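Listing of query-v4.txt; format and content: compact mmCIF, C-alpha atoms.
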```
# COMPACT_ATOMS: atom_id res chain seq x y z
CA MET A 923 33.36 -14.50 -8.24
CA THR A 924 35.83 -11.98 -6.80
CA ARG A 925 34.85 -8.47 -5.79
CA SER A 926 36.89 -6.97 -8.62
CA SER A 927 35.24 -9.12 -11.27
CA SER A 928 31.73 -8.47 -9.97
CA SER A 929 32.44 -4.72 -10.09
CA GLU A 930 32.59 -4.99 -13.88
CA HIS A 931 28.83 -5.61 -13.93
CA TYR A 932 27.98 -2.37 -12.13
CA PRO A 933 27.73 1.04 -13.83
CA LYS A 934 30.48 3.53 -13.01
CA ASN A 935 28.09 6.44 -12.47
CA GLY A 936 24.60 4.97 -12.46
CA ARG A 937 22.51 2.80 -10.13
CA VAL A 938 21.26 -0.78 -10.04
CA ILE A 939 17.69 -1.02 -8.77
CA PHE A 940 15.59 -4.13 -8.14
CA HIS A 941 11.82 -4.25 -7.98
CA ILE A 942 10.81 -7.43 -6.18
CA ASP A 943 7.18 -8.40 -6.61
CA MET A 944 5.67 -11.39 -4.82
CA ASN A 945 3.44 -13.26 -7.27
CA ALA A 946 -0.24 -13.78 -6.32
CA PHE A 947 0.97 -13.14 -2.78
CA TYR A 948 -2.09 -13.89 -0.63
CA CYS A 949 -2.90 -17.10 -2.47
CA SER A 950 0.77 -18.12 -2.63
CA VAL A 951 1.03 -17.76 1.15
CA HIS A 952 -1.92 -20.11 1.66
CA GLU A 953 -0.30 -22.58 -0.76
CA ALA A 954 2.97 -22.35 1.16
CA VAL A 955 1.31 -22.97 4.53
CA GLU A 956 -1.00 -25.79 3.40
CA PRO A 957 0.40 -27.18 0.13
CA GLU A 958 -1.53 -30.41 0.44
CA LYS A 959 -4.78 -28.42 0.25
CA TYR A 960 -3.99 -25.61 -2.14
CA ARG A 961 -0.79 -26.12 -4.15
CA GLY A 962 -1.56 -25.85 -7.87
CA ARG A 963 -5.31 -25.56 -7.34
CA ALA A 964 -7.70 -22.80 -8.36
CA ILE A 965 -8.05 -20.69 -5.21
CA ALA A 966 -9.05 -17.10 -4.53
CA VAL A 967 -9.07 -14.84 -1.51
CA ALA A 968 -12.40 -13.07 -1.09
CA GLY A 969 -14.69 -11.78 1.59
CA SER A 970 -12.38 -9.31 3.31
CA VAL A 971 -14.11 -6.82 5.57
CA GLU A 972 -13.93 -4.09 2.92
CA LEU A 973 -14.99 -6.40 0.10
CA ARG A 974 -17.23 -8.81 1.91
CA ARG A 975 -20.04 -8.41 -0.57
CA GLY A 976 -18.41 -10.97 -2.75
CA ILE A 977 -15.42 -9.50 -4.57
CA ILE A 978 -12.28 -11.43 -5.53
CA VAL A 979 -9.29 -9.85 -3.77
CA THR A 980 -6.72 -12.00 -5.59
CA SER A 981 -6.53 -15.39 -7.25
CA SER A 982 -3.93 -18.08 -7.83
CA TYR A 983 -2.39 -18.57 -11.26
CA ALA A 984 -4.40 -21.77 -11.68
CA ALA A 985 -7.57 -19.73 -11.11
CA ARG A 986 -6.39 -16.96 -13.42
CA ALA A 987 -5.96 -19.53 -16.17
CA ARG A 988 -9.69 -20.20 -15.77
CA GLY A 989 -10.55 -16.50 -16.12
CA VAL A 990 -10.78 -15.52 -12.44
CA ARG A 991 -9.56 -11.95 -11.93
CA THR A 992 -9.11 -9.47 -9.09
CA GLY A 993 -12.18 -7.28 -8.61
CA MET A 994 -14.53 -9.85 -10.15
CA GLN A 995 -17.71 -10.70 -8.28
CA VAL A 996 -17.55 -14.05 -6.55
CA ARG A 997 -20.65 -15.39 -8.30
CA GLN A 998 -19.10 -14.60 -11.69
CA ALA A 999 -15.82 -16.23 -10.68
CA VAL A 1000 -17.58 -19.41 -9.53
CA LYS A 1001 -19.50 -19.54 -12.80
CA LEU A 1002 -16.21 -19.46 -14.72
CA CYS A 1003 -14.51 -21.88 -12.33
CA PRO A 1004 -17.04 -24.09 -10.47
CA ASP A 1005 -14.32 -25.82 -8.41
CA LEU A 1006 -12.83 -22.51 -7.23
CA ILE A 1007 -11.76 -22.65 -3.56
CA LEU A 1008 -12.67 -19.43 -1.76
CA LEU A 1009 -10.64 -18.36 1.27
CA GLN A 1010 -11.12 -15.68 3.90
CA PRO A 1011 -8.12 -13.34 4.15
CA ASP A 1012 -5.63 -13.75 6.98
CA PHE A 1013 -3.69 -10.50 7.16
CA GLU A 1014 -1.66 -11.48 10.20
CA LEU A 1015 -0.35 -14.44 8.21
CA TYR A 1016 0.39 -12.23 5.19
CA ARG A 1017 2.22 -9.72 7.39
CA THR A 1018 4.37 -12.52 8.85
CA PHE A 1019 5.47 -13.64 5.37
CA SER A 1020 5.95 -10.03 4.30
CA ARG A 1021 8.42 -9.46 7.14
CA LYS A 1022 10.31 -12.62 6.22
CA PHE A 1023 10.70 -11.81 2.55
CA MET A 1024 11.78 -8.25 3.40
CA GLN A 1025 14.38 -9.70 5.80
CA ILE A 1026 15.88 -11.66 2.92
CA VAL A 1027 16.12 -8.56 0.73
CA TYR A 1028 17.57 -6.56 3.61
CA SER A 1029 20.45 -9.01 3.94
CA TYR A 1030 21.85 -7.67 0.63
CA THR A 1031 21.30 -3.91 1.03
CA PRO A 1032 20.01 -1.46 3.66
CA LEU A 1033 18.34 0.56 0.91
CA VAL A 1034 14.96 -1.19 0.76
CA GLU A 1035 11.73 0.70 0.12
CA ALA A 1036 8.56 -1.27 0.84
CA MET A 1037 5.80 -0.19 -1.55
CA SER A 1038 3.18 -2.53 -0.16
CA ILE A 1039 2.91 -5.77 1.77
CA ASP A 1040 4.09 -7.76 -1.26
CA GLU A 1041 6.55 -5.57 -3.17
CA CYS A 1042 9.65 -3.47 -2.61
CA PHE A 1043 12.45 -1.61 -4.33
CA ALA A 1044 16.08 -2.33 -3.44
CA ASP A 1045 19.12 -0.28 -4.43
CA ILE A 1046 22.03 -2.74 -4.71
CA THR A 1047 24.51 -0.30 -6.26
CA GLY A 1048 26.74 -0.68 -3.22
CA SER A 1049 26.31 -4.46 -2.90
CA LYS A 1050 29.20 -5.58 -5.11
CA GLN A 1051 30.55 -7.80 -2.34
CA PHE A 1052 27.59 -10.15 -2.91
CA GLY A 1053 28.27 -10.59 -6.61
CA ALA A 1054 26.95 -9.28 -9.91
CA PRO A 1055 23.38 -7.91 -10.05
CA LEU A 1056 22.00 -10.97 -11.84
CA GLU A 1057 23.63 -13.25 -9.27
CA ILE A 1058 22.14 -11.30 -6.36
CA ALA A 1059 18.71 -11.30 -7.98
CA ALA A 1060 18.90 -15.05 -8.60
CA GLU A 1061 19.97 -15.68 -5.01
CA ILE A 1062 17.14 -13.54 -3.59
CA GLN A 1063 14.63 -15.32 -5.79
CA ARG A 1064 16.03 -18.72 -4.82
CA ARG A 1065 16.00 -17.95 -1.08
CA ILE A 1066 12.42 -16.70 -1.19
CA ARG A 1067 11.45 -19.89 -3.03
CA ASP A 1068 13.42 -22.27 -0.80
CA GLU A 1069 12.89 -20.63 2.60
CA LEU A 1070 9.32 -19.34 2.18
CA HIS A 1071 8.05 -21.50 -0.71
CA LEU A 1072 6.83 -18.38 -2.51
CA PRO A 1073 7.27 -17.23 -6.12
CA CYS A 1074 8.49 -13.74 -6.95
CA SER A 1075 9.44 -11.72 -10.01
CA ILE A 1076 12.39 -9.34 -10.07
CA GLY A 1077 12.94 -6.39 -12.37
CA ILE A 1078 16.51 -5.10 -12.74
CA ALA A 1079 17.07 -1.61 -14.09
CA PRO A 1080 18.96 1.67 -13.61
CA ASN A 1081 15.97 3.30 -11.89
CA LYS A 1082 12.75 2.53 -10.01
CA LEU A 1083 10.44 3.25 -12.94
CA LEU A 1084 12.07 0.75 -15.27
CA ALA A 1085 12.58 -1.81 -12.49
CA LYS A 1086 8.84 -1.78 -11.77
CA ILE A 1087 7.98 -2.16 -15.45
CA ALA A 1088 10.54 -4.97 -15.80
CA SER A 1089 9.15 -7.01 -12.91
CA ASP A 1090 5.73 -7.01 -14.59
CA LEU A 1091 7.06 -8.42 -17.86
CA LYS A 1092 7.58 -12.01 -16.68
CA LYS A 1093 5.33 -13.61 -14.07
CA PRO A 1094 5.50 -15.80 -12.10
CA ASN A 1095 9.15 -16.38 -11.13
CA GLY A 1096 10.46 -14.04 -13.80
CA MET A 1097 13.68 -12.05 -13.89
CA THR A 1098 13.99 -9.22 -16.41
CA VAL A 1099 16.69 -6.63 -17.13
CA LEU A 1100 15.40 -3.38 -18.62
CA ARG A 1101 17.82 -0.66 -19.71
CA LYS A 1102 17.03 2.85 -20.91
CA ARG A 1103 18.18 1.90 -24.40
CA ASP A 1104 15.50 -0.81 -24.46
CA VAL A 1105 12.64 1.63 -23.85
CA PRO A 1106 11.98 2.71 -27.46
CA VAL A 1107 11.71 -0.89 -28.66
CA LEU A 1108 9.72 -2.31 -25.74
CA LEU A 1109 7.51 0.57 -24.67
CA TRP A 1110 7.06 3.28 -27.24
CA ASP A 1111 4.36 1.49 -29.21
CA GLN A 1112 2.36 0.83 -26.01
CA PRO A 1113 -0.55 3.04 -24.86
CA CYS A 1114 0.36 5.72 -22.33
CA SER A 1115 -1.50 3.81 -19.62
CA ALA A 1116 1.14 1.06 -19.89
CA LEU A 1117 3.66 3.40 -18.30
CA TYR A 1118 3.90 2.93 -14.54
CA GLY A 1119 2.29 5.87 -12.75
CA ILE A 1120 -0.09 6.87 -15.54
CA GLY A 1121 -3.67 6.07 -14.61
CA SER A 1122 -6.80 6.19 -16.75
CA LYS A 1123 -7.54 9.86 -15.98
CA THR A 1124 -4.07 11.02 -17.01
CA ALA A 1125 -4.21 8.80 -20.10
CA ASP A 1126 -7.56 10.35 -21.07
CA LYS A 1127 -6.14 13.85 -20.70
CA LEU A 1128 -3.20 12.90 -22.89
CA LYS A 1129 -5.56 11.55 -25.55
CA LYS A 1130 -7.26 14.94 -25.69
CA LEU A 1131 -3.83 16.33 -26.60
CA HIS A 1132 -3.55 13.63 -29.32
CA ILE A 1133 -0.89 11.76 -27.37
CA TYR A 1134 -1.83 8.09 -27.46
CA THR A 1135 1.38 6.08 -27.12
CA VAL A 1136 4.42 6.13 -24.84
CA GLY A 1137 6.54 7.03 -27.88
CA GLU A 1138 4.39 10.07 -28.67
CA LEU A 1139 4.63 11.10 -25.03
CA ALA A 1140 8.43 10.74 -25.13
CA LYS A 1141 8.58 13.23 -28.01
CA ALA A 1142 5.90 15.60 -26.70
CA ASN A 1143 6.49 19.29 -26.07
CA GLU A 1144 7.26 19.75 -22.37
CA THR A 1145 5.92 23.31 -22.35
CA LEU A 1146 2.60 22.10 -23.73
CA LEU A 1147 2.35 19.35 -21.12
CA ALA A 1148 3.35 21.74 -18.34
CA SER A 1149 0.46 24.00 -19.30
CA HIS A 1150 -1.97 21.08 -18.81
CA PHE A 1151 -0.29 19.06 -16.04
CA GLY A 1152 1.86 21.60 -14.21
CA VAL A 1153 5.16 20.27 -12.87
CA LEU A 1154 4.03 16.74 -13.73
CA GLY A 1155 4.22 17.50 -17.47
CA PRO A 1156 8.02 17.35 -17.88
CA VAL A 1157 8.11 14.36 -15.51
CA LEU A 1158 5.80 12.45 -17.86
CA VAL A 1159 8.09 13.13 -20.81
CA ARG A 1160 11.13 11.98 -18.83
CA ALA A 1161 9.32 8.82 -17.74
CA ALA A 1162 8.39 8.00 -21.33
CA ASN A 1163 12.10 8.20 -22.12
CA GLY A 1164 12.93 5.84 -19.25
CA ILE A 1165 14.36 8.56 -17.00
CA ASP A 1166 13.66 8.50 -13.26
CA ASP A 1167 15.94 9.98 -10.62
CA SER A 1168 13.80 9.21 -7.56
CA PRO A 1169 15.83 7.53 -4.79
CA VAL A 1170 15.06 4.30 -2.98
CA VAL A 1171 13.86 5.55 0.40
CA ASN A 1172 14.31 3.19 3.31
CA GLU A 1173 10.85 2.24 4.62
CA LYS A 1174 12.01 2.65 8.21
CA GLU A 1175 11.88 6.40 7.70
CA GLN A 1176 8.84 8.14 9.13
CA SER A 1177 5.51 7.63 7.44
CA LYS A 1178 4.06 10.52 5.50
CA SER A 1179 0.54 9.54 6.48
CA ILE A 1180 -1.43 6.92 8.39
CA GLY A 1181 -4.98 6.09 7.47
CA HIS A 1182 -7.87 3.66 7.32
CA THR A 1183 -10.71 3.44 4.83
CA THR A 1184 -13.64 1.07 4.92
CA THR A 1185 -16.16 0.10 2.26
CA LEU A 1186 -19.61 -0.30 3.79
CA PRO A 1187 -21.99 -3.19 2.99
CA SER A 1188 -24.78 -0.73 2.21
CA ASP A 1189 -25.10 2.98 1.59
CA VAL A 1190 -24.92 5.19 4.67
CA THR A 1191 -27.35 8.11 4.59
CA ASP A 1192 -27.79 8.72 8.30
CA ALA A 1193 -25.30 11.17 9.86
CA GLY A 1194 -25.34 9.20 13.12
CA GLU A 1195 -24.21 6.04 11.32
CA ALA A 1196 -21.46 7.97 9.57
CA ARG A 1197 -20.26 9.36 12.88
CA ARG A 1198 -20.03 5.86 14.36
CA VAL A 1199 -17.91 4.74 11.40
CA PHE A 1200 -15.64 7.76 11.88
CA LEU A 1201 -15.35 6.91 15.58
CA ASN A 1202 -14.08 3.41 14.83
CA LEU A 1203 -11.73 4.68 12.13
CA SER A 1204 -10.37 7.43 14.40
CA ASP A 1205 -9.88 4.93 17.22
CA GLN A 1206 -7.73 2.61 15.14
CA VAL A 1207 -5.79 5.21 13.18
CA THR A 1208 -4.72 6.96 16.40
CA ARG A 1209 -3.78 3.60 17.91
CA ARG A 1210 -1.40 3.13 14.99
CA LEU A 1211 -0.14 6.69 15.46
CA ARG A 1212 0.65 6.14 19.14
CA ARG A 1213 2.40 2.82 18.44
CA GLN A 1214 4.81 4.70 16.21
CA GLN A 1215 5.13 7.48 18.80
CA LEU A 1216 3.86 10.09 16.39
CA VAL A 1217 1.38 12.96 16.43
CA ALA A 1218 -0.51 14.46 13.49
CA ARG A 1219 -1.36 18.01 12.52
CA VAL A 1220 -3.72 17.29 9.62
CA VAL A 1221 -6.93 15.23 9.58
CA GLN A 1222 -8.25 14.17 6.19
CA ILE A 1223 -11.45 12.31 5.43
CA THR A 1224 -12.30 10.34 2.31
CA ILE A 1225 -15.87 9.85 1.09
CA ARG A 1226 -17.00 7.78 -1.89
CA ASP A 1227 -20.56 7.64 -3.16
CA PRO A 1228 -22.26 4.56 -4.74
CA GLY A 1229 -21.24 5.84 -8.18
CA MET A 1230 -17.56 5.61 -7.14
CA LYS A 1231 -17.08 9.40 -7.09
CA THR A 1232 -14.54 10.13 -4.37
CA ILE A 1233 -13.71 13.33 -2.51
CA THR A 1234 -11.12 14.11 0.16
CA ARG A 1235 -11.29 17.04 2.56
CA SER A 1236 -8.79 18.01 5.24
CA VAL A 1237 -8.24 20.40 8.12
CA THR A 1238 -5.07 21.51 9.92
CA LEU A 1239 -5.42 21.27 13.68
CA VAL A 1240 -4.39 24.03 16.06
CA ALA A 1241 -2.03 21.59 17.75
CA ALA A 1242 -0.69 18.16 16.80
CA THR A 1243 -2.46 15.22 18.44
CA ASN A 1244 -2.68 11.44 18.71
CA GLU A 1245 -5.96 11.45 20.65
CA ALA A 1246 -8.87 9.59 19.06
CA ASN A 1247 -11.54 12.02 20.21
CA GLU A 1248 -9.82 15.03 18.68
CA VAL A 1249 -9.41 13.24 15.35
CA TYR A 1250 -13.01 12.00 15.53
CA GLN A 1251 -14.41 15.47 16.19
CA ALA A 1252 -12.41 16.94 13.31
CA ALA A 1253 -13.55 14.16 10.95
CA CYS A 1254 -17.20 14.69 11.86
CA ARG A 1255 -16.95 18.44 11.33
CA LEU A 1256 -15.42 17.88 7.89
CA PHE A 1257 -18.17 15.41 6.99
CA GLU A 1258 -20.96 17.72 8.06
CA ARG A 1259 -19.40 20.66 6.23
CA HIS A 1260 -18.68 18.94 2.93
CA TRP A 1261 -21.24 16.13 2.53
CA PRO A 1262 -24.93 17.02 2.03
CA GLU A 1263 -27.29 15.60 4.62
CA GLY A 1264 -28.92 12.39 3.41
CA LYS A 1265 -26.56 11.89 0.47
CA PRO A 1266 -25.49 8.20 0.38
CA ALA A 1267 -21.88 7.26 1.11
CA ARG A 1268 -20.42 3.83 0.38
CA LEU A 1269 -16.83 4.35 1.59
CA LEU A 1270 -15.48 6.43 4.47
CA GLY A 1271 -11.90 6.98 5.54
CA VAL A 1272 -9.73 8.89 7.99
CA THR A 1273 -6.10 9.72 7.20
CA LEU A 1274 -3.65 11.58 9.43
CA GLN A 1275 -0.95 13.70 7.83
CA GLY A 1276 1.67 16.21 8.92
CA LEU A 1277 3.24 13.59 11.17
CA GLU A 1278 6.04 14.29 13.64
CA ALA A 1279 7.63 12.59 16.59
CA ALA A 1280 5.51 12.90 19.74
CA THR A 1281 8.63 13.49 21.83
CA THR A 1282 9.61 16.64 19.94
CA ALA A 1283 6.21 18.03 18.92
CA VAL A 1284 5.13 21.31 20.45
CA VAL A 1285 1.81 20.78 22.24
CA GLN A 1286 -0.53 23.74 22.65
CA LEU A 1287 -2.65 23.34 25.77
CA ASP A 1288 -6.04 24.95 26.20
CA LEU A 1289 -6.00 27.53 29.02
CA PHE A 1290 -9.02 25.91 30.66
CA ASP A 1291 -8.05 22.32 29.97
CA TYR A 1292 -4.33 22.05 30.64
CA GLU A 1293 -4.82 20.57 34.13
CA LYS A 1294 -6.83 17.71 32.66
CA GLN A 1295 -4.31 16.89 29.92
CA PRO A 1296 -1.95 14.69 32.00
CA ARG A 1297 -4.92 12.65 33.26
CA LYS A 1298 -6.23 12.23 29.72
CA GLU A 1299 -2.82 11.06 28.52
CA GLU A 1300 -2.47 8.62 31.43
CA LEU A 1301 -5.94 7.20 30.74
CA THR A 1302 -5.04 6.72 27.08
CA ARG A 1303 -1.82 4.89 28.07
CA ILE A 1304 -3.76 2.58 30.40
CA VAL A 1305 -6.34 1.78 27.73
CA ASP A 1306 -3.60 1.11 25.17
CA LYS A 1307 -1.87 -1.30 27.58
CA LEU A 1308 -5.12 -3.15 28.23
CA ARG A 1309 -5.80 -3.52 24.52
CA ASP A 1310 -2.21 -4.57 23.82
CA LYS A 1311 -2.55 -7.33 26.42
CA PHE A 1312 -6.15 -8.47 25.98
CA GLY A 1313 -6.97 -7.45 22.41
CA GLU A 1314 -8.56 -4.51 20.65
CA GLU A 1315 -12.05 -5.41 21.87
CA ALA A 1316 -11.01 -5.20 25.55
CA VAL A 1317 -12.04 -1.55 25.95
CA LEU A 1318 -14.70 -0.04 23.70
CA THR A 1319 -17.19 2.76 23.95
CA ALA A 1320 -20.85 2.11 23.19
CA GLY A 1321 -20.58 4.28 20.10
CA MET A 1322 -18.12 1.87 18.50
CA LEU A 1323 -20.45 -1.13 18.53
CA GLY A 1324 -22.09 -2.31 15.32
CA ASP A 1325 -21.96 -4.95 12.60
CA ASP A 1326 -20.47 -2.99 9.68
CA PRO A 1327 -16.82 -3.26 8.59
CA SER A 1328 -15.72 -0.25 10.66
CA ALA A 1329 -16.69 -2.12 13.84
CA LEU A 1330 -14.64 -5.11 12.66
CA ILE A 1331 -11.61 -3.00 11.83
CA ARG A 1332 -9.95 -4.07 15.08
CA ASN A 1333 -9.80 -7.69 13.90
CA HIS A 1334 -6.27 -7.67 12.52
CA LYS A 1335 -6.52 -11.17 11.13
CA ARG A 1336 -9.43 -10.31 8.85
CA ARG A 1337 -8.66 -6.65 8.32
CA GLY A 1338 -5.73 -5.22 6.39
CA THR A 1339 -4.58 -3.67 3.15
CA SER A 1340 -1.61 -4.20 0.89
CA LEU A 1341 -0.45 -0.64 1.61
CA GLN A 1342 -0.47 -0.81 5.39
CA MET A 1343 3.16 -1.26 6.39
CA ASP A 1344 3.05 -0.92 10.19
CA HIS A 1345 4.14 -4.55 10.57
CA LEU A 1346 7.54 -3.55 9.16
CA ARG A 1347 7.99 -0.25 10.99
CA LEU A 1348 6.92 -1.49 14.40
CA ARG A 1349 8.63 -4.81 14.84
CA GLY A 1350 11.72 -4.22 12.74
CA LEU A 1351 13.00 -6.41 9.96
CA ASP A 1352 15.66 -7.92 12.17
CA GLN A 1353 13.04 -9.66 14.32
CA GLU A 1354 11.13 -12.82 13.63
```
Would you mind writing the file's structure down as structure tokens?
Amino acid sequence: MTRSSSSEHYPKNGRVIFHIDMNAFYCSVHEAVEPEKYRGRAIAVAGSVELRRGIIVTSSYAARARGVRTGMQVRQAVKLCPDLILLQPDFELYRTFSRKFMQIVYSYTPLVEAMSIDECFADITGSKQFGAPLEIAAEIQRRIRDELHLPCSIGIAPNKLLAKIASDLKKPNGMTVLRKRDVPVLLWDQPCSALYGIGSKTADKLKKLHIYTVGELAKANETLLASHFGVLGPVLVRAANGIDDSPVVNEKEQSKSIGHTTTLPSDVTDAGEARRVFLNLSDQVTRRLRRQQLVARVVQITIRDPGMKTITRSVTLVAATNEANEVYQAACRLFERHWPEGKPARLLGVTLQGLEAATTAVVQLDLFDYEKQPRKEELTRIVDKLRDKFGEEAVLTAGMLGDDPSALIRNHKRRGTSLQMDHLRLRGLDQE
């Protein structure tokens, strides 16, 4: 196909957006690496550090056909599927495959926005030289299948919202085009929760306003919604009409936040135990910060109780930092201020926000401590080098030791999340 003929398939004023979603990614990776063991069989990844009390993280399509679902307890899954093969997660392996599939997408456009380890948006509006949109999508899907032996679904649409919805319509190995004119027929009779970005809480609030379907939301009064949802109100109406102007933001741009959370195997009620968890979390989150040569101005903690009620609290620091002890001290102060003594906590997290480049950040030195600052920074650099060379366990303080998930957070093979994208930012998509 010539460039001129492929141009006919692109809108004159609009965009062409892909949402590429790797199907059953963790399980598919294991099938790709060891097909003789796992290809076509009922397998599930379970027992990650955060979910080690027996929760299914994801399952293969063969397992899903037997009723095995994400979030299900392992004992329930095994009852439904007695021959289910359970695997420990291997996040280093998943990150390797994530880089490779992103590399393939990047070869067609520089506008790639990684949403998680297994999905991304791609704006191919300027990629006419590679062919028509359907041809590019088919080639990406074929390359991922042939080169990585992985299935993926691709949604093709004029914006990110519809592309995401489209990729969910046909799995695995699906390819779906969704235009704004298709929205009334395909979506308007669906519940509001079917619209990407609307969770159960928002859906419940809409029900109280007697708005139950996407179609009713599309025709709702924007002023009414604005009075209940603020600036989000008109956005909801636009989304229900298939309108989304948000750009595809290249994932190489600076992170908005860096964080770690960990679900504990049992409730933590002792403040000393909570502090040790925060120490491990602060240690690793600042390691990630320094690798990206960033500093943070805001420390946020997340706490979830056994009833799944979650709170977040944050503090703005006097000066930006990437030092673990400063983050740790701030996290502990937040915990003591906002969490009653003895109240059980099941999940704890530390997130750093207000990020900026360490080379350009203004550092405010304490009048009585400024002479010690260069020595502290040099010590941190030495420790980082030792851990880079010999592993995260090479240099630890006594306060970090324990047997809960926060102490195992440094094991990058077992520990990871689908939203942690450092493996893309640090090594670059042009590297193997």
Long-range neighbours of Val1027 in chain A as a compact mmCIF listing (two decimals) with C-alpha atoms, keeping the file's coordinate frame, 10 Å cut-off, only C-alpha atoms, 5 positions minimum in chain:
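part.txt, written as the output of this step:
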```
# COMPACT_ATOMS: atom_id res chain seq x y z
CA PHE A 940 15.59 -4.13 -8.14
CA ILE A 942 10.81 -7.43 -6.18
CA LYS A 1022 10.31 -12.62 6.22
CA PRO A 1032 20.01 -1.46 3.66
CA LEU A 1033 18.34 0.56 0.91
CA VAL A 1034 14.96 -1.19 0.76
CA CYS A 1042 9.65 -3.47 -2.61
CA PHE A 1043 12.45 -1.61 -4.33
CA ALA A 1044 16.08 -2.33 -3.44
CA ILE A 1046 22.03 -2.74 -4.71
CA ILE A 1058 22.14 -11.30 -6.36
CA ALA A 1059 18.71 -11.30 -7.98
CA GLU A 1061 19.97 -15.68 -5.01
CA ILE A 1062 17.14 -13.54 -3.59
CA GLN A 1063 14.63 -15.32 -5.79
CA ARG A 1065 16.00 -17.95 -1.08
CA ILE A 1066 12.42 -16.70 -1.19
CA LEU A 1351 13.00 -6.41 9.96
```
Computed interatomic separation between CA of Val1157 in chain A and CA of Lys1102 in chain A (Å) =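 A separation of 15.5 Å between them.
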Distance in Å - CA of Ser1075 in chain A versus CA of Leu1154 in chain A |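 If I compute the distance from CA of Ser1075 in chain A to CA of Leu1154 in chain A, I get 29.2 Å.
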CA of Thr1031 in chain A and CA of Pro1080 in chain A are how many Å apart?
->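 Between CA of Thr1031 in chain A and CA of Pro1080 in chain A the gap works out to 15.8 Å.
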Using only C-alpha atoms, determine which residues lie at most 9 Å from range 943-948 of chain A, disregarding the query and same-chain residues fewer than 2 positions distant; provide the list as a ChimeraX atom specification.
-> /A:941,950-953,966-967,979-983,1011-1013,1016,1023,1039-1043,1072-1077,1086,1089-1090,1093-1095
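Distance annotation: of A:Leu1147, A:Pro1106, A:Arg1017, A:Lys1001, the residue with the minimal separation from His1132 in chain A is A:Leu1147; atom set is all atoms listed in the file.
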Since the input lacks some atoms of range 1265-1277 of chain A, please model N, CA and C atoms and print them as an mmCIF file, keeping the file's coordinate frame.
```
data_model
loop_
_atom_site.group_PDB
_atom_site.id
_atom_site.type_symbol
_atom_site.label_atom_id
_atom_site.label_comp_id
_atom_site.auth_asym_id
_atom_site.auth_seq_id
_atom_site.Cartn_x
_atom_site.Cartn_y
_atom_site.Cartn_z
ATOM 1 N N LYS A 1265 -27.203 12.412 1.673
ATOM 2 C CA LYS A 1265 -26.560 11.890 0.470
ATOM 3 C C LYS A 1265 -25.852 10.574 0.813
ATOM 4 N N PRO A 1266 -26.067 9.510 0.031
ATOM 5 C CA PRO A 1266 -25.490 8.200 0.380
ATOM 6 C C PRO A 1266 -23.973 8.177 0.238
ATOM 7 N N ALA A 1267 -23.328 7.488 1.159
ATOM 8 C CA ALA A 1267 -21.880 7.260 1.110
ATOM 9 C C ALA A 1267 -21.633 5.763 1.200
ATOM 10 N N ARG A 1268 -20.724 5.255 0.382
ATOM 11 C CA ARG A 1268 -20.420 3.830 0.380
ATOM 12 C C ARG A 1268 -19.053 3.548 1.020
ATOM 13 N N LEU A 1269 -18.148 4.516 0.981
ATOM 14 C CA LEU A 1269 -16.830 4.350 1.590
ATOM 15 C C LEU A 1269 -16.501 5.580 2.422
ATOM 16 N N LEU A 1270 -15.933 5.350 3.605
ATOM 17 C CA LEU A 1270 -15.480 6.430 4.470
ATOM 18 C C LEU A 1270 -14.056 6.134 4.921
ATOM 19 N N GLY A 1271 -13.279 7.175 5.102
ATOM 20 C CA GLY A 1271 -11.900 6.980 5.540
ATOM 21 C C GLY A 1271 -11.397 8.153 6.363
ATOM 22 N N VAL A 1272 -10.413 7.871 7.197
ATOM 23 C CA VAL A 1272 -9.730 8.890 7.990
ATOM 24 C C VAL A 1272 -8.228 8.698 7.794
ATOM 25 N N THR A 1273 -7.545 9.752 7.384
ATOM 26 C CA THR A 1273 -6.100 9.720 7.200
ATOM 27 C C THR A 1273 -5.469 10.867 7.979
ATOM 28 N N LEU A 1274 -4.382 10.566 8.669
ATOM 29 C CA LEU A 1274 -3.650 11.580 9.430
ATOM 30 C C LEU A 1274 -2.363 11.924 8.701
ATOM 31 N N GLN A 1275 -2.115 13.214 8.553
ATOM 32 C CA GLN A 1275 -0.950 13.700 7.830
ATOM 33 C C GLN A 1275 -0.207 14.724 8.694
ATOM 34 N N GLY A 1276 0.880 15.256 8.151
ATOM 35 C CA GLY A 1276 1.670 16.210 8.920
ATOM 36 C C GLY A 1276 2.208 15.563 10.177
ATOM 37 N N LEU A 1277 2.808 14.381 10.021
ATOM 38 C CA LEU A 1277 3.240 13.590 11.170
ATOM 39 C C LEU A 1277 4.593 14.064 11.704
#
```
